[in-house]
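Q: Just query05.cif, nothing more (mmCIF, C-alpha atoms):
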```
data_entry
#
loop_
_atom_site.label_atom_id
_atom_site.label_comp_id
_atom_site.auth_asym_id
_atom_site.auth_seq_id
_atom_site.Cartn_x
_atom_site.Cartn_y
_atom_site.Cartn_z
CA MET J 1 256.34 35.18 164.83
CA SER J 2 257.37 32.93 167.73
CA ALA J 3 260.72 31.17 167.74
CA PHE J 4 258.97 27.80 167.51
CA ALA J 5 256.91 28.84 164.48
CA ALA J 6 260.03 30.27 162.83
CA VAL J 7 262.08 27.10 163.38
CA THR J 8 259.23 24.96 162.07
CA ALA J 9 258.90 27.15 158.98
CA VAL J 10 262.63 27.13 158.26
CA LEU J 11 262.93 23.35 158.71
CA SER J 12 259.90 22.75 156.47
CA VAL J 13 261.23 24.99 153.71
CA GLY J 14 264.64 23.32 154.08
CA MET J 15 263.13 19.87 153.63
CA ILE J 16 261.09 20.97 150.61
CA THR J 17 264.14 22.59 149.02
CA TYR J 18 266.25 19.47 149.53
CA ALA J 19 263.47 17.22 148.24
CA SER J 20 263.09 19.27 145.05
CA ARG J 21 266.84 19.05 144.41
CA ALA J 22 267.40 15.45 145.43
CA GLY J 23 264.15 13.70 144.46
CA LEU J 24 264.91 12.93 140.84
CA ILE J 25 268.63 12.34 141.46
CA ILE J 26 268.02 9.76 144.16
CA PHE J 27 264.87 8.03 142.95
CA LEU J 28 264.39 8.65 139.26
CA ALA J 29 267.92 8.52 137.89
CA ASP J 30 267.91 8.36 134.08
CA ARG J 31 264.16 8.63 133.58
CA PRO J 32 263.35 11.97 131.92
CA LEU J 33 260.35 14.11 132.89
CA PRO J 34 257.41 14.16 130.45
CA PRO J 35 257.95 16.98 127.90
CA ASN J 36 254.71 18.76 128.91
CA ILE J 37 255.88 19.00 132.52
CA THR J 38 259.28 20.36 131.45
CA ARG J 39 257.50 22.90 129.29
CA ALA J 40 255.29 24.09 132.14
CA LEU J 41 258.18 24.15 134.64
CA ARG J 42 259.94 26.71 132.41
CA TYR J 43 257.30 29.31 133.37
CA VAL J 44 257.39 28.70 137.11
CA GLY J 45 260.27 31.17 137.57
CA PRO J 46 258.73 34.28 135.95
CA ALA J 47 255.22 33.56 137.28
CA VAL J 48 256.10 33.03 140.93
CA LEU J 49 258.77 35.74 141.16
CA SER J 50 256.50 38.43 139.71
CA ALA J 51 253.63 37.39 142.01
CA LEU J 52 256.07 37.53 144.92
CA THR J 53 257.19 41.04 143.91
CA VAL J 54 253.59 42.29 143.93
CA ASN J 55 252.95 40.62 147.29
CA LEU J 56 256.06 42.15 148.88
CA LEU J 57 255.11 45.60 147.54
CA ALA J 58 251.72 45.29 149.22
CA GLY J 59 253.37 44.22 152.48
CA GLY J 60 250.30 42.42 153.79
CA GLN J 61 248.07 45.51 153.64
CA GLY J 62 246.23 44.72 150.42
CA ILE J 63 246.21 47.24 147.59
CA ASP J 64 246.64 50.11 150.09
CA GLY J 65 250.13 48.86 150.89
CA VAL J 66 251.34 49.54 147.35
CA GLU J 67 253.25 52.84 147.34
CA PHE J 68 253.97 54.88 144.21
CA VAL J 69 257.68 55.37 145.01
CA GLU J 70 258.20 51.63 145.44
CA VAL J 71 256.36 50.79 142.20
CA ALA J 72 258.50 53.37 140.37
CA ALA J 73 261.69 51.87 141.83
CA VAL J 74 260.65 48.36 140.78
CA GLY J 75 259.68 49.63 137.30
CA VAL J 76 263.10 51.21 136.79
CA ALA J 77 264.81 48.04 138.03
CA ILE J 78 262.83 45.93 135.55
CA ALA J 79 263.78 48.25 132.68
CA VAL J 80 267.47 48.26 133.63
CA ALA J 81 267.55 44.48 134.11
CA ALA J 82 265.91 43.93 130.73
CA LEU J 83 268.18 46.37 128.89
CA ALA J 84 271.51 45.95 130.68
CA ARG J 85 271.07 42.22 131.57
CA ASN J 86 272.71 42.97 134.91
CA LEU J 87 271.14 42.37 138.32
CA ILE J 88 273.54 44.60 140.24
CA ALA J 89 272.84 47.53 137.92
CA ALA J 90 269.10 46.87 138.29
CA LEU J 91 269.28 46.88 142.09
CA ALA J 92 271.39 50.06 142.13
CA ALA J 93 269.06 51.86 139.69
CA GLY J 94 265.97 50.76 141.62
CA MET J 95 267.29 51.94 144.99
CA ALA J 96 268.59 55.21 143.45
CA THR J 97 265.13 55.86 142.00
CA LEU J 98 263.52 55.18 145.36
CA TRP J 99 265.86 57.55 147.22
CA LEU J 100 265.54 60.27 144.57
CA LEU J 101 261.73 60.16 144.67
CA LEU J 102 261.60 60.07 148.47
CA TRP J 103 263.83 63.15 148.53
CA LEU J 104 261.85 64.98 145.83
CA LEU J 105 258.32 64.21 147.02
CA MET R 1 297.49 23.07 124.56
CA PRO R 2 294.87 21.55 126.86
CA SER R 3 292.01 23.85 127.81
CA ALA R 4 291.19 24.62 131.43
CA ASP R 5 288.13 22.40 131.15
CA HIS R 6 290.02 19.34 130.02
CA PHE R 7 290.68 16.72 132.64
CA SER R 8 292.74 13.60 132.34
CA GLU R 9 293.00 10.74 134.78
CA THR R 10 296.48 11.86 135.75
CA GLN R 11 295.34 15.18 137.17
CA THR R 12 295.73 15.43 140.90
CA ARG R 13 292.90 16.09 143.30
CA SER R 14 294.11 19.58 144.09
CA ASP R 15 294.30 20.44 140.37
CA ILE R 16 290.62 19.62 140.05
CA ALA R 17 289.68 21.52 143.19
CA LEU R 18 291.61 24.56 141.99
CA SER R 19 290.04 24.57 138.56
CA ALA R 20 286.61 24.22 140.20
CA LEU R 21 287.34 27.31 142.28
CA ARG R 22 288.61 29.23 139.26
CA ALA R 23 285.39 28.45 137.38
CA ALA R 24 283.12 29.04 140.38
CA ILE R 25 284.31 32.46 141.53
CA PRO R 26 283.21 34.56 138.49
CA LEU R 27 279.72 33.06 138.67
CA PHE R 28 279.47 33.98 142.33
CA ILE R 29 280.11 37.72 141.88
CA PRO R 30 276.55 38.53 140.70
CA ALA R 31 275.21 36.68 143.77
CA ILE R 32 277.04 38.94 146.23
CA PRO R 33 274.50 41.81 146.23
CA PHE R 34 271.72 39.22 146.51
CA GLY R 35 273.45 37.81 149.59
CA LEU R 36 273.82 41.28 151.08
CA VAL R 37 270.13 42.05 150.44
CA LEU R 38 269.19 38.78 152.14
CA GLY R 39 271.40 39.72 155.11
CA VAL R 40 269.60 43.03 155.44
CA ALA R 41 266.22 41.29 155.05
CA ILE R 42 267.20 38.98 157.92
CA THR R 43 267.63 41.98 160.23
CA ASP R 44 264.17 43.19 159.08
CA SER R 45 262.56 39.76 159.44
CA ALA R 46 259.75 38.94 161.83
CA MET R 47 261.73 35.79 162.66
CA PRO R 48 264.33 35.77 165.42
CA THR R 49 267.63 36.76 163.76
CA ALA R 50 269.44 33.49 164.55
CA VAL R 51 266.60 31.43 163.06
CA ALA R 52 266.45 33.61 159.94
CA TRP R 53 270.25 33.31 159.58
CA SER R 54 270.03 29.51 159.92
CA THR R 55 268.26 29.43 156.53
CA ASN R 56 271.81 29.55 155.08
CA LEU R 57 272.59 26.17 156.59
CA VAL R 58 269.13 24.57 156.36
CA ILE R 59 267.75 25.89 153.05
CA PHE R 60 270.74 27.24 151.06
CA ALA R 61 268.66 28.65 148.20
CA GLY R 62 268.68 32.45 147.78
CA ALA R 63 265.17 33.05 146.46
CA ALA R 64 263.52 30.58 148.85
CA GLN R 65 265.46 32.06 151.79
CA LEU R 66 264.52 35.63 150.86
CA ALA R 67 260.85 34.64 150.53
CA THR R 68 260.93 32.78 153.86
CA VAL R 69 262.45 35.59 155.92
CA SER R 70 260.54 38.44 154.27
CA LEU R 71 257.12 36.73 154.26
CA ALA R 72 257.43 35.66 157.91
CA ALA R 73 255.65 38.82 159.09
CA THR R 74 252.47 38.32 157.05
CA ALA R 75 252.21 34.68 155.95
CA THR R 76 251.01 31.57 157.71
CA TRP R 77 253.13 28.43 157.83
CA LEU R 78 251.13 26.90 154.99
CA THR R 79 251.51 29.88 152.64
CA LEU R 80 255.19 30.19 153.40
CA VAL R 81 255.89 26.55 152.71
CA ALA R 82 253.70 26.47 149.59
CA THR R 83 255.39 29.59 148.22
CA ALA R 84 258.84 28.13 148.82
CA ALA R 85 257.77 24.88 147.17
CA VAL R 86 256.70 26.76 144.04
CA ILE R 87 259.90 28.85 143.99
CA ASN R 88 261.90 25.64 144.25
CA LEU R 89 260.20 23.95 141.29
CA ARG R 90 263.08 25.04 139.05
CA HIS R 91 265.36 22.84 141.14
CA VAL R 92 263.29 19.87 139.97
CA MET R 93 264.40 20.76 136.45
CA TYR R 94 268.03 20.89 137.52
CA SER R 95 267.63 17.61 139.32
CA ALA R 96 266.09 16.01 136.23
CA ALA R 97 268.83 17.35 133.97
CA LEU R 98 271.70 16.25 136.24
CA SER R 99 270.35 12.87 137.34
CA PRO R 100 272.14 10.89 134.58
CA ARG R 101 275.47 12.28 135.80
CA PHE R 102 274.81 10.83 139.24
CA ASN R 103 274.18 7.31 137.91
CA ASP R 104 277.77 6.13 138.27
CA GLN R 105 278.31 7.95 141.57
CA PRO R 106 278.38 6.34 145.03
CA ARG R 107 275.20 6.41 147.07
CA TRP R 108 276.49 8.88 149.69
CA PHE R 109 277.20 11.42 146.95
CA ARG R 110 273.70 11.04 145.52
CA TRP R 111 272.37 12.11 148.91
CA VAL R 112 274.94 14.83 149.71
CA GLY R 113 275.39 16.33 146.23
CA PRO R 114 271.84 17.71 145.72
CA PHE R 115 272.15 19.94 148.81
CA PHE R 116 274.61 22.13 146.85
CA LEU R 117 272.48 22.33 143.70
CA ILE R 118 272.04 26.12 143.54
CA ASP R 119 271.63 27.87 140.18
CA GLN R 120 275.36 28.57 139.78
CA GLN R 121 276.26 25.01 140.70
CA PHE R 122 273.94 23.71 138.01
CA ALA R 123 275.33 26.11 135.41
CA LEU R 124 278.86 25.08 136.33
CA THR R 125 278.60 21.31 136.63
CA SER R 126 275.97 20.40 134.04
CA VAL R 127 278.24 21.41 131.16
CA ARG R 128 281.41 19.55 132.21
CA ALA R 129 280.70 16.66 129.83
CA SER R 130 284.36 15.67 129.59
CA MET R 131 284.44 14.80 133.29
CA SER R 132 282.98 11.74 134.95
CA GLY R 133 283.39 9.52 137.98
CA PRO R 134 285.65 10.75 140.79
CA ALA R 135 286.91 13.78 138.82
CA TRP R 136 283.43 15.17 138.29
CA ARG R 137 282.51 14.40 141.90
CA ARG R 138 285.57 16.29 143.18
CA PHE R 139 284.84 19.21 140.87
CA TYR R 140 281.19 19.27 142.00
CA LEU R 141 281.99 19.12 145.71
CA SER R 142 284.77 21.73 145.50
CA ALA R 143 282.50 24.23 143.74
CA GLY R 144 279.57 23.37 146.01
CA VAL R 145 281.46 23.85 149.27
CA PHE R 146 282.92 27.11 147.93
CA TYR R 147 279.45 28.45 147.08
CA PHE R 148 278.13 27.37 150.47
CA LEU R 149 280.90 29.20 152.39
CA ALA R 150 280.92 32.26 150.13
CA TRP R 151 277.14 32.60 150.27
CA THR R 152 276.99 32.30 154.05
CA THR R 153 279.77 34.92 154.33
CA ALA R 154 277.99 37.39 152.01
CA VAL R 155 274.71 37.00 153.91
CA THR R 156 276.45 37.42 157.26
CA ILE R 157 278.19 40.61 156.07
CA GLY R 158 274.81 41.94 154.89
CA LEU R 159 273.32 41.10 158.29
CA VAL R 160 276.09 42.89 160.23
CA VAL R 161 276.10 45.94 157.96
CA GLY R 162 272.32 45.98 157.57
CA SER R 163 271.53 46.38 161.25
CA SER R 164 273.49 49.65 161.35
CA ILE R 165 271.70 51.17 158.32
CA PRO R 166 268.92 53.65 159.24
CA THR R 167 265.35 52.63 158.32
CA GLU R 168 264.89 55.83 156.28
CA TRP R 169 267.02 54.21 153.59
CA ARG R 170 264.12 51.83 152.99
CA LEU R 171 266.31 48.80 152.32
CA GLY R 172 263.19 46.73 152.98
CA VAL R 173 262.18 47.46 149.39
CA ALA R 174 265.34 45.78 148.07
CA PRO R 175 263.90 42.20 148.08
CA ALA R 176 260.98 43.28 145.87
CA ILE R 177 263.42 45.05 143.51
CA MET R 178 265.64 41.96 143.48
CA PHE R 179 262.77 39.61 142.59
CA ALA R 180 261.54 41.98 139.87
CA GLY R 181 265.08 42.19 138.45
CA LEU R 182 265.36 38.40 138.46
CA VAL R 183 262.11 38.14 136.50
CA ALA R 184 263.28 40.68 133.92
CA LEU R 185 266.66 38.96 133.56
CA GLY R 186 265.04 35.60 132.94
CA LEU R 187 262.60 36.83 130.29
CA SER R 188 263.72 35.84 126.83
CA ASN R 189 260.57 34.85 124.97
CA ARG R 190 256.93 35.85 124.70
CA PRO R 191 255.42 33.00 126.78
CA GLY R 192 257.79 33.98 129.61
CA ILE R 193 256.54 37.56 129.50
CA VAL R 194 252.93 36.30 129.47
CA ALA R 195 253.68 34.15 132.55
CA ALA R 196 255.24 37.09 134.44
CA VAL R 197 252.51 39.61 133.59
CA VAL R 198 249.64 37.23 134.36
CA GLY R 199 251.37 36.17 137.60
CA ALA R 200 251.71 39.80 138.73
CA VAL R 201 248.24 40.95 137.68
CA VAL R 202 246.41 37.97 139.18
CA CYS R 203 248.39 38.34 142.41
CA LEU R 204 247.42 42.03 142.48
CA LEU R 205 243.74 41.17 142.01
CA ALA R 206 243.98 38.46 144.66
CA LEU R 207 245.83 40.56 147.25
CA ASP R 208 242.91 40.27 149.64
CA ALA R 209 242.91 36.47 149.49
CA PRO R 210 243.47 35.03 152.98
CA ASN R 211 246.96 33.96 154.15
CA ASN R 212 248.80 35.61 151.25
CA GLY R 213 247.15 33.04 148.98
CA GLY R 214 247.46 35.59 146.18
CA ILE R 215 251.06 34.51 145.58
CA LEU R 216 250.02 30.95 144.79
CA ILE R 217 246.92 31.93 142.82
CA GLY R 218 249.07 34.36 140.81
CA ALA R 219 251.90 31.87 140.31
CA VAL R 220 249.63 29.04 139.17
CA SER R 221 247.73 31.36 136.79
CA GLY R 222 251.04 32.62 135.41
CA VAL R 223 252.39 29.12 134.78
CA VAL R 224 249.17 28.04 133.05
CA ALA R 225 249.15 31.22 130.92
CA GLY R 226 252.84 30.80 129.99
CA TYR R 227 252.31 27.16 129.10
CA LEU R 228 249.28 27.97 126.91
CA ALA R 229 251.17 30.83 125.21
CA ASP R 230 254.07 28.44 124.55
CA VAL R 231 251.75 25.80 123.02
CA THR R 232 249.96 28.42 120.89
CA GLU R 233 253.23 29.88 119.69
CA SER R 234 254.76 26.57 118.68
CA ARG R 235 251.53 25.59 116.86
CA ARG R 236 251.68 28.86 114.95
CA THR R 237 255.34 28.27 114.06
CA GLU R 238 254.51 24.75 112.90
CA ARG R 239 251.71 26.03 110.71
CA ARG R 240 254.00 28.66 109.20
CA THR R 241 256.66 26.04 108.48
CA LEU R 242 254.07 23.79 106.86
CA ALA R 243 252.76 26.66 104.72
CA SER R 244 256.22 27.63 103.52
CA ASP R 245 256.93 24.00 102.64
CA ARG R 246 254.09 23.92 100.17
#
```
So that I can check it, write out the structure of this file as structure tokens.

A:
Amino acid sequence: MSAFAAVTAVLSVGMITYASRAGLIIFLADRPLPPNITRALRYVGPAVLSALTVNLLAGGQGIDGVEFVEVAAVGVAIAVAALARNLIAALAAGMATLWLLLWLL
Amino acid sequence: MPSADHFSETQTRSDIALSALRAAIPLFIPAIPFGLVLGVAITDSAMPTAVAWSTNLVIFAGAAQLATVSLAATATWLTLVATAAVINLRHVMYSAALSPRFNDQPRWFRWVGPFFLIDQQFALTSVRASMSGPAWRRFYLSAGVFYFLAWTTAVTIGLVVGSSIPTEWRLGVAPAIMFAGLVALGLSNRPGIVAAVVGAVVCLLALDAPNNGGILIGAVSGVVAGYLADVTESRRTERRTLASDR
């Protein structure tokens, strides 16, 4: 990626991030969002983050880019996050699983 | 005895700033590993390091920054921006929820304040109902500036440490683990699980879509599925309530 493309991408994402935080505060103060929109927005987090996880695991190489050890690491992290409700523990368990499997296999 | 959250008009500016710091620090601790992971991802990024680091100052949103620097290698400008826009949709919710608190604030603060609206900032400032006017503004800005400096420091440490870690450690997998952990942490009800599973499966099926379009196709499918599951579930609950009333 060229420096110009990178700067353009970062500035664009910066503007979009600011707009999503500031839009309603600056322009729509005191007018609530329609309840249906609020309801749908609740599911943006889980939907986009899980799609992003799958995409990062593939690393731009389609289904061939998905490696067993990485899937196992992510699976363990999900289990630990769900049970322990702790992101640090999930990251540690995921990386430990990855290293253990890489060493074993 | 007054609680730590109670503010009177007589409190000095530094009292408010101090109590903002005291409340902000514990919430920041879980973000430290995220910042370190982002720092490492910056060293791995296809972007020039300085540009990837500048996301701290320009974007200041962990998940959007991590997506931007780690997708740079494979995504086009359009996919990258669209993905970040979807990730940022939760900020629209924060913005909607906090907008009444900005009504009595000066115009400059309405423009400056939203920049600091990260998840922790929302959690911290949306509940301070006893504060208003200048006190709330001072509390908000103190916490916001703290998060901004602390976050940039954590990411920079990750960047410095990350470049000396051998590639065999596979730290490049950490962002995927982080996002998966965030999903699992946020799941509390069935529609949320439906949204996450549909988002992942559809993205997997759409991996060959051009320009990483699978992320968006997966995300949109997940949101629609979660919304429908939510509507179905509340209808079922309503019906059950009606039946038990008879």

Q: Check which residues of chain J sit at most 6 Å from chain R using only C-alpha atoms, and return one row each with the closest pair of atoms and their distance in Å to one decimal, ordered by chain and rising number, as a Markdown table.

A:
```
| residue | atom | partner | partner_atom | distance |
| --- | --- | --- | --- | --- |
| J:Met1 | CA | R:Met47 | CA | 5.8 |
| J:Ala6 | CA | R:Met47 | CA | 5.8 |
| J:Val13 | CA | R:Val81 | CA | 5.7 |
| J:Gly14 | CA | R:Ile59 | CA | 4.2 |
| J:Tyr18 | CA | R:Phe115 | CA | 6.0 |
| J:Ser20 | CA | R:Val92 | CA | 5.1 |
| J:Arg21 | CA | R:His91 | CA | 5.2 |
| J:Ala22 | CA | R:Pro114 | CA | 5.0 |
| J:Leu24 | CA | R:Ser95 | CA | 5.6 |
| J:Ile25 | CA | R:Ser99 | CA | 4.5 |
| J:Ile26 | CA | R:Arg110 | CA | 6.0 |
| J:Ala29 | CA | R:Ser99 | CA | 5.0 |
| J:Asp30 | CA | R:Pro100 | CA | 5.0 |
| J:Ala40 | CA | R:Tyr227 | CA | 5.2 |
| J:Tyr43 | CA | R:Val223 | CA | 5.1 |
| J:Val44 | CA | R:Val223 | CA | 5.5 |
| J:Pro46 | CA | R:Ala196 | CA | 4.7 |
| J:Ala47 | CA | R:Ala196 | CA | 4.5 |
| J:Val48 | CA | R:Ala219 | CA | 4.4 |
| J:Leu49 | CA | R:Phe179 | CA | 5.7 |
| J:Ser50 | CA | R:Ala200 | CA | 5.1 |
| J:Ala51 | CA | R:Ala200 | CA | 4.5 |
| J:Leu52 | CA | R:Ile215 | CA | 5.9 |
| J:Thr53 | CA | R:Ala176 | CA | 4.8 |
| J:Leu56 | CA | R:Ala176 | CA | 5.9 |
| J:Gly60 | CA | R:Thr74 | CA | 5.7 |
| J:Gly62 | CA | R:Leu207 | CA | 5.2 |
| J:Val74 | CA | R:Ile177 | CA | 5.1 |
| J:Ala77 | CA | R:Gly181 | CA | 5.9 |
| J:Ile78 | CA | R:Gly181 | CA | 5.2 |
| J:Ala81 | CA | R:Gly181 | CA | 5.5 |
| J:Ala82 | CA | R:Ala184 | CA | 5.3 |
| J:Arg85 | CA | R:Leu185 | CA | 5.8 |
```

Q: Which residue gives the smallest distance to Met95 in chain J among J:Glu70, J:Ile37, J:Thr17, J:Val10, with all atoms listed in the file counted?

A: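 Closest to Met95 in chain J, using all atoms listed in the file: J:Glu70.
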
Q: So the first atom is CA of Met131 in chain R and the second is CA of Arg13 in chain R; what is the distance between them in Å, to one decimal place?

A: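 We find that CA of Met131 in chain R and CA of Arg13 in chain R lie 13.2 Å from each other.
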
Q: Quote the spacing between CA of Ala150 in chain R and CA of Gly35 in chain R in Å to one decimal place.

A: 9.3 Å

Q: Calculate how many Å separate CA of Arg138 in chain R from CA of Phe122 in chain R, rounding to one decimal.

A: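 Going from CA of Arg138 in chain R over to CA of Phe122 in chain R, I get 14.7 Å.
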
Q: Which is closer to Ala41 in chain R than all the others in R:Val160, R:Leu149, R:Ala243, R:Leu66, using all atoms listed in the file?

A: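 Of R:Val160, R:Leu149, R:Ala243, R:Leu66, the one nearest Ala41 in chain R, counting all atoms listed in the file, is R:Leu66.
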
Q: R:Leu27, R:Ser234, R:Arg22, R:Val40: which is nearest Ile165 in chain R, counting only C-alpha atoms?

A: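 Looking only at the distances to Ile165 in chain R, the closest residue turns out to be R:Val40.
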
Q: J:Leu100, J:Ser12, J:Val71, J:Ala19: which is nearest Ala58 in chain J, counting only C-alpha atoms?

A: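 Residue with the minimum atom-to-atom distance to Ala58 in chain J: J:Val71.
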
Q: From the options R:Ile16, R:Arg236, R:Gly62, R:Ile25, which residue's atoms come nearest to Thr152 in chain R, counting only C-alpha atoms?

A: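 That would be R:Gly62, the residue with the smallest distance to Thr152 in chain R.
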
Q: Quick one: apply the PyMOL selection byres ((chain R and resi 134) around 10) to the file and drop the selected residues here as a PyMOL selection string.

A: chain R and resi 9+13+104-106+131-133+135-140

Q: Take range 18-64 of chain R from the block and save it with C-alpha atoms, as a PDB file, in the first residue's frame.

A:
```pdb
ATOM      1  CA  LEU R  18      -9.122  14.009  39.986  1.00  0.00           C
ATOM      2  CA  SER R  19     -12.344  12.114  40.492  1.00  0.00           C
ATOM      3  CA  ALA R  20     -12.612  11.698  36.705  1.00  0.00           C
ATOM      4  CA  LEU R  21      -9.148  10.143  36.670  1.00  0.00           C
ATOM      5  CA  ARG R  22      -9.965   7.889  39.609  1.00  0.00           C
ATOM      6  CA  ALA R  23     -13.053   6.597  37.803  1.00  0.00           C
ATOM      7  CA  ALA R  24     -11.352   6.350  34.400  1.00  0.00           C
ATOM      8  CA  ILE R  25      -8.240   4.356  35.293  1.00  0.00           C
ATOM      9  CA  PRO R  26      -9.899   1.024  36.287  1.00  0.00           C
ATOM     10  CA  LEU R  27     -11.901   1.008  33.056  1.00  0.00           C
ATOM     11  CA  PHE R  28      -8.737   1.512  31.049  1.00  0.00           C
ATOM     12  CA  ILE R  29      -6.897  -1.565  32.376  1.00  0.00           C
ATOM     13  CA  PRO R  30      -8.764  -4.065  30.139  1.00  0.00           C
ATOM     14  CA  ALA R  31      -7.912  -1.874  27.126  1.00  0.00           C
ATOM     15  CA  ILE R  32      -4.145  -2.155  27.689  1.00  0.00           C
ATOM     16  CA  PRO R  33      -3.660  -5.555  25.988  1.00  0.00           C
ATOM     17  CA  PHE R  34      -5.869  -4.336  23.138  1.00  0.00           C
ATOM     18  CA  GLY R  35      -3.574  -1.322  22.745  1.00  0.00           C
ATOM     19  CA  LEU R  36      -0.497  -3.553  22.782  1.00  0.00           C
ATOM     20  CA  VAL R  37      -2.034  -5.863  20.151  1.00  0.00           C
ATOM     21  CA  LEU R  38      -2.797  -2.835  17.985  1.00  0.00           C
ATOM     22  CA  GLY R  39       0.815  -1.663  18.400  1.00  0.00           C
ATOM     23  CA  VAL R  40       2.080  -5.025  17.206  1.00  0.00           C
ATOM     24  CA  ALA R  41      -0.443  -5.008  14.331  1.00  0.00           C
ATOM     25  CA  ILE R  42       0.933  -1.608  13.289  1.00  0.00           C
ATOM     26  CA  THR R  43       4.414  -3.109  12.875  1.00  0.00           C
ATOM     27  CA  ASP R  44       2.809  -5.889  10.760  1.00  0.00           C
ATOM     28  CA  SER R  45       0.682  -3.484   8.723  1.00  0.00           C
ATOM     29  CA  ALA R  46       0.982  -2.979   4.987  1.00  0.00           C
ATOM     30  CA  MET R  47       0.761   0.748   5.743  1.00  0.00           C
ATOM     31  CA  PRO R  48       3.869   2.808   6.454  1.00  0.00           C
ATOM     32  CA  THR R  49       4.401   2.622  10.237  1.00  0.00           C
ATOM     33  CA  ALA R  50       4.021   6.366  10.846  1.00  0.00           C
ATOM     34  CA  VAL R  51       0.715   6.452   8.955  1.00  0.00           C
ATOM     35  CA  ALA R  52      -0.592   3.390  10.800  1.00  0.00           C
ATOM     36  CA  TRP R  53       0.457   4.977  14.122  1.00  0.00           C
ATOM     37  CA  SER R  54      -1.329   8.220  13.206  1.00  0.00           C
ATOM     38  CA  THR R  55      -4.643   6.339  13.501  1.00  0.00           C
ATOM     39  CA  ASN R  56      -4.304   7.062  17.251  1.00  0.00           C
ATOM     40  CA  LEU R  57      -4.597  10.775  16.606  1.00  0.00           C
ATOM     41  CA  VAL R  58      -6.946  10.704  13.602  1.00  0.00           C
ATOM     42  CA  ILE R  59      -9.327   7.824  14.387  1.00  0.00           C
ATOM     43  CA  PHE R  60      -8.976   7.090  18.138  1.00  0.00           C
ATOM     44  CA  ALA R  61     -11.240   4.030  18.119  1.00  0.00           C
ATOM     45  CA  GLY R  62      -9.589   0.680  18.921  1.00  0.00           C
ATOM     46  CA  ALA R  63     -11.649  -1.678  16.775  1.00  0.00           C
ATOM     47  CA  ALA R  64     -11.752   0.670  13.769  1.00  0.00           C
TER      48      ALA R  64
END
```
